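Accompanying notes for the structure given below.
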2 protein chains.
Amino acid sequence: MSEGARERILSACTAVIARNGLAGFRMSDVAREAGVSIGLLPYHFGDRDGLLQAALDEVTASATRRADAVPHAHTPAARLEALLCSEFGEEEGIRAGSTAWNELRAAAVFDRDRAAAVARSTADWQRDVRELVAAAAGDAARAAAAAGDAAAGSAAAGAADRALALTALVEGLSGRWLTGQITAAEAQASVRATLAGLGLADAAPGTTPGG
Amino acid sequence: MSEGARERILSACTAVIARNGLAGFRMSDVAREAGVSIGLLPYHFGDRDGLLQAALDEVTASATRRADAVPHAHTPAARLEALLCSEFGEEEGIRAGSTAWNELRAAAVFDRDRAAAVARSTADWQRDVRELVAAAAGDAARAAAAAGDAAAGSAAAGAADRALALTALVEGLSGRWLTGQITAAEAQASVRATLAGLGLADAAPGTTPGG
């Protein structure tokens, strides 16, 4: 299967879940949406669970690609902000990915297989965030030490704790956004304000485009 | 209807949603679980939407009651911590309430009526959090001014922004907890660490019991 067909199937999978939820999810709907033979899906993704896991991983990977494409995000703090903010946006693909992730997470409360898939994708994302937090906090600590500000150096502590809180914050904000309580731009502003409050932002203004 | 029957029906409603999700939700199951006549439900709560709205409000109210019962939570910062941490716990009622809330929020992505109910309950909760944040930040600003620490005074800024982020953080952590990725105690620790990082904690150790 070409990379194009694989991407088309995964994009179709998130679109189908985003439209109808997981309750009415059918592999045949995904094949029709992607314009491929139904036989291609089990051949390449295994069963329904394999397809859903691959779709979750693709949502995470596409957010990472969007973050990597943000211009001027050269520092760890700017890359951290770009990665977290890339989960929100008005483009159809971003909303569909977030909706599918949200729906699979909700299903995971009642379904162990789904929970394992969600936990694996979440852990991958959280590890990426943790590495950026550690690097950004290291920069902040060095800047604080240079300025003789000992207290600000504490930002370097607990990168794993911060990564859990920041990724959970993004998931909570996604729920608000998808239910129409806040806009994508407001979600991004909340992420930026929290990063600044935690001492994990560059002194310069943010570098990601607003929603 | 006695307050006892009303509470029993709302508790039964969250238990039924927590067990089977919203897809299989039936008013008759709630009546059976509560041990009341099915006729009592529409008479007192109106339709299905009225019952679900009342159940959401009760989840928020019961978290507030648990927070009010935390001993030694006399400062705004301690009350803020108690309120946010009261959303997590191993008791059956707390998990059922969180599961029902999570399920209604997930349904709200696909259903405008559900979204309006979730938005109303969320706004009530967020307003309570905002008032505590403003009071806690005021205390922190006064302490910072007394200590000659101008930077810490910035914690007073943006109580509404902080309230959005903190309530969204709790919702995100709830999703992790309900899917078995973290324990209730880990969720509470993440809330406390974030409050401390944002300058919204008392200098003394936390006052809520661990998980």
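FYI, nothing fancy with the structure tokens labels: chains A, B, ... in order, residues from 1 per chain, ligands from 1 as they appear.
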
Note to self: I'd like the neighbourhood of range 173-188 of chain A as a PyMOL selection string, where a residue qualifies if any of its atoms comes within 7 Å (using only C-alpha atoms), though same-chain residues fewer than 6 positions away should be ignored.
What the structure shows: (chain A and resi 85+88-90+98-99+210-211) or (chain B and resi 108-109+115+119+168)

Next item on the list: For range 66-71 of chain B, list every protein, DNA or RNA residue within 6 Å, evaluated using only C-alpha atoms, and leave out those in the same chain fewer than 6 positions away; present the list as a ChimeraX atom specification.
Entry: /B:82-83,86

Output C-alpha atoms of each residue in that selection to a file, as an mmCIF file, in the first residue's frame.
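Written out: result13.cif:
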data_model
loop_
_atom_site.group_PDB
_atom_site.id
_atom_site.type_symbol
_atom_site.label_atom_id
_atom_site.label_comp_id
_atom_site.auth_asym_id
_atom_site.auth_seq_id
_atom_site.Cartn_x
_atom_site.Cartn_y
_atom_site.Cartn_z
ATOM 1 C CA ALA B 82 -9.635 21.192 48.250
ATOM 2 C CA LEU B 83 -12.277 22.036 45.627
ATOM 3 C CA SER B 86 -12.372 16.767 45.564
#

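Annotation: chain B versus chain A, same sequence, C-alpha RMSD 0.0 Å after least-squares fit.
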
Check: Do you have the CA of Leu200 in chain B-CA of Glu87 in chain B distance handy?
Finding: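 CA of Glu87 in chain B lies 18.3 Å from CA of Leu200 in chain B.
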
Next item on the list: Could you please select, counting only C-alpha atoms, the residues of chain B within 9 Å of chain A and state them as JSON, numbers by chain?
Entry: {"B": [18, 19, 20, 21, 23, 99, 102, 103, 105, 106, 107, 108, 109, 110, 111, 112, 115, 116, 118, 119, 154, 155, 161, 162, 164, 165, 166, 167, 168, 169, 170, 171, 172, 173, 174, 175, 176, 178, 179, 180, 181, 187, 189, 190, 191, 193, 194, 197, 198, 199]}

Checklist line | DSSP alpha helix (DSSP H) residues within chain B, listed as number ranges by chain | finding: B: 3-20, 27-34, 40-45, 48-68, 76-85, 92-108, 112-146, 159-178, 184-197

Notebook entry, point to check: Got a sec: who's within 12 Å of Ala34 in chain B, counting only C-alpha atoms, leaving out chain neighbours fewer than 5 positions off, as number ranges by chain?
Noted result: B: 4-16, 27-29, 40-41

Emit the selected residues as a compact mmCIF listing (two decimals), in the first residue's frame, including all heavy atoms.
# COMPACT_ATOMS: atom_id res chain seq x y z
N GLY B 4 -34.42 13.27 50.29
CA GLY B 4 -33.81 11.94 50.24
C GLY B 4 -34.08 11.24 48.92
O GLY B 4 -33.16 10.68 48.31
N ALA B 5 -35.34 11.30 48.46
CA ALA B 5 -35.70 10.65 47.20
C ALA B 5 -35.00 11.33 46.03
O ALA B 5 -34.49 10.67 45.12
CB ALA B 5 -37.21 10.66 47.01
N ARG B 6 -34.96 12.67 46.06
CA ARG B 6 -34.29 13.42 44.99
C ARG B 6 -32.82 13.03 44.89
O ARG B 6 -32.30 12.75 43.81
CB ARG B 6 -34.43 14.93 45.28
CG ARG B 6 -33.88 15.82 44.19
CD ARG B 6 -33.88 17.29 44.59
NE ARG B 6 -32.88 18.00 43.82
CZ ARG B 6 -33.06 18.41 42.56
NH1 ARG B 6 -34.20 18.23 41.97
NH2 ARG B 6 -32.08 19.00 41.90
N GLU B 7 -32.16 13.01 46.04
CA GLU B 7 -30.75 12.62 46.05
C GLU B 7 -30.55 11.18 45.58
O GLU B 7 -29.59 10.87 44.88
CB GLU B 7 -30.17 12.74 47.47
CG GLU B 7 -29.66 14.14 47.77
CD GLU B 7 -29.24 14.30 49.22
OE1 GLU B 7 -28.86 13.29 49.85
OE2 GLU B 7 -29.32 15.43 49.74
N ARG B 8 -31.50 10.30 45.97
CA ARG B 8 -31.39 8.89 45.59
C ARG B 8 -31.53 8.75 44.07
O ARG B 8 -30.81 7.98 43.44
CB ARG B 8 -32.46 8.07 46.32
CG ARG B 8 -31.99 6.69 46.67
CD ARG B 8 -32.80 6.08 47.81
NE ARG B 8 -34.19 5.88 47.47
CZ ARG B 8 -35.23 6.37 48.16
NH1 ARG B 8 -35.03 7.11 49.23
NH2 ARG B 8 -36.46 6.12 47.79
N ILE B 9 -32.44 9.51 43.48
CA ILE B 9 -32.65 9.44 42.03
C ILE B 9 -31.41 9.96 41.28
O ILE B 9 -30.93 9.34 40.32
CB ILE B 9 -33.90 10.24 41.61
CG1 ILE B 9 -35.16 9.54 42.14
CG2 ILE B 9 -33.98 10.38 40.09
CD1 ILE B 9 -36.44 10.36 41.99
N LEU B 10 -30.86 11.08 41.75
CA LEU B 10 -29.69 11.65 41.07
C LEU B 10 -28.47 10.74 41.21
O LEU B 10 -27.70 10.55 40.27
CB LEU B 10 -29.39 13.05 41.60
CG LEU B 10 -30.47 14.09 41.27
CD1 LEU B 10 -30.14 15.43 41.90
CD2 LEU B 10 -30.63 14.23 39.75
N SER B 11 -28.33 10.15 42.39
CA SER B 11 -27.23 9.21 42.61
C SER B 11 -27.41 7.97 41.72
O SER B 11 -26.45 7.45 41.15
CB SER B 11 -27.19 8.85 44.10
OG SER B 11 -26.43 7.70 44.29
N ALA B 12 -28.66 7.52 41.59
CA ALA B 12 -28.95 6.38 40.71
C ALA B 12 -28.66 6.73 39.26
O ALA B 12 -28.13 5.91 38.50
CB ALA B 12 -30.42 5.96 40.86
N CYS B 13 -28.96 7.97 38.88
CA CYS B 13 -28.72 8.42 37.50
C CYS B 13 -27.23 8.36 37.15
O CYS B 13 -26.85 7.81 36.11
CB CYS B 13 -29.28 9.83 37.33
SG CYS B 13 -29.10 10.49 35.67
N THR B 14 -26.38 8.89 38.04
CA THR B 14 -24.94 8.85 37.75
C THR B 14 -24.44 7.40 37.77
O THR B 14 -23.59 7.04 36.95
CB THR B 14 -24.12 9.68 38.76
OG1 THR B 14 -24.39 9.24 40.08
CG2 THR B 14 -24.45 11.15 38.66
N ALA B 15 -25.00 6.58 38.67
CA ALA B 15 -24.55 5.18 38.74
C ALA B 15 -24.88 4.45 37.45
O ALA B 15 -24.06 3.67 36.93
CB ALA B 15 -25.19 4.48 39.94
N VAL B 16 -26.08 4.69 36.90
CA VAL B 16 -26.51 4.01 35.67
C VAL B 16 -25.63 4.45 34.50
O VAL B 16 -25.17 3.62 33.70
CB VAL B 16 -28.01 4.30 35.39
CG1 VAL B 16 -28.37 3.89 33.97
CG2 VAL B 16 -28.88 3.56 36.40
N MET B 27 -34.53 6.01 31.46
CA MET B 27 -35.14 6.54 32.68
C MET B 27 -35.61 5.38 33.58
O MET B 27 -35.52 5.47 34.81
CB MET B 27 -36.34 7.43 32.33
CG MET B 27 -36.03 8.61 31.42
SD MET B 27 -35.49 10.11 32.30
CE MET B 27 -37.07 10.87 32.71
N SER B 28 -36.12 4.31 32.97
CA SER B 28 -36.65 3.19 33.76
C SER B 28 -35.54 2.52 34.58
O SER B 28 -35.79 2.06 35.70
CB SER B 28 -37.33 2.18 32.84
OG SER B 28 -36.43 1.75 31.84
N ASP B 29 -34.33 2.46 34.03
CA ASP B 29 -33.21 1.89 34.79
C ASP B 29 -32.89 2.75 36.02
O ASP B 29 -32.54 2.23 37.08
CB ASP B 29 -31.94 1.79 33.92
CG ASP B 29 -32.10 0.76 32.81
OD1 ASP B 29 -32.94 -0.15 32.96
OD2 ASP B 29 -31.37 0.88 31.81
N LEU B 40 -42.32 9.25 39.05
CA LEU B 40 -41.71 10.33 39.83
C LEU B 40 -40.69 11.13 39.02
O LEU B 40 -40.49 12.33 39.26
CB LEU B 40 -40.98 9.75 41.05
CG LEU B 40 -41.72 9.63 42.37
CD1 LEU B 40 -40.78 9.13 43.45
CD2 LEU B 40 -42.32 10.98 42.78
N LEU B 41 -40.03 10.47 38.07
CA LEU B 41 -38.91 11.13 37.38
C LEU B 41 -39.37 12.28 36.49
O LEU B 41 -38.89 13.41 36.67
CB LEU B 41 -38.08 10.11 36.59
CG LEU B 41 -36.97 9.41 37.40
CD1 LEU B 41 -37.51 8.62 38.57
CD2 LEU B 41 -36.14 8.53 36.49

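Around Ser121 in chain A, within 8 Å and counting only C-alpha atoms, the residues found are Gln53, Leu56, Asp57 and Thr60 of chain A, once anything fewer than 5 positions away on its own chain is removed.
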
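CA of Gln126 in chain A sits 21.6 Å away from CA of Leu51 in chain A.
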
Check: If you count only C-alpha atoms, which residues fall within 10 Å of Asp139 in chain A, apart from same-chain ones fewer than 4 positions away, as a list in words?
Finding: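 Listed by chain and then number, they are Thr75, Pro76, Ala77, Val133, Ala134, Ala135, Ala143, Ala144, Ala145, Gly153, Ala155, Ala156, Leu200, Ala201 and Asp202 of chain A.
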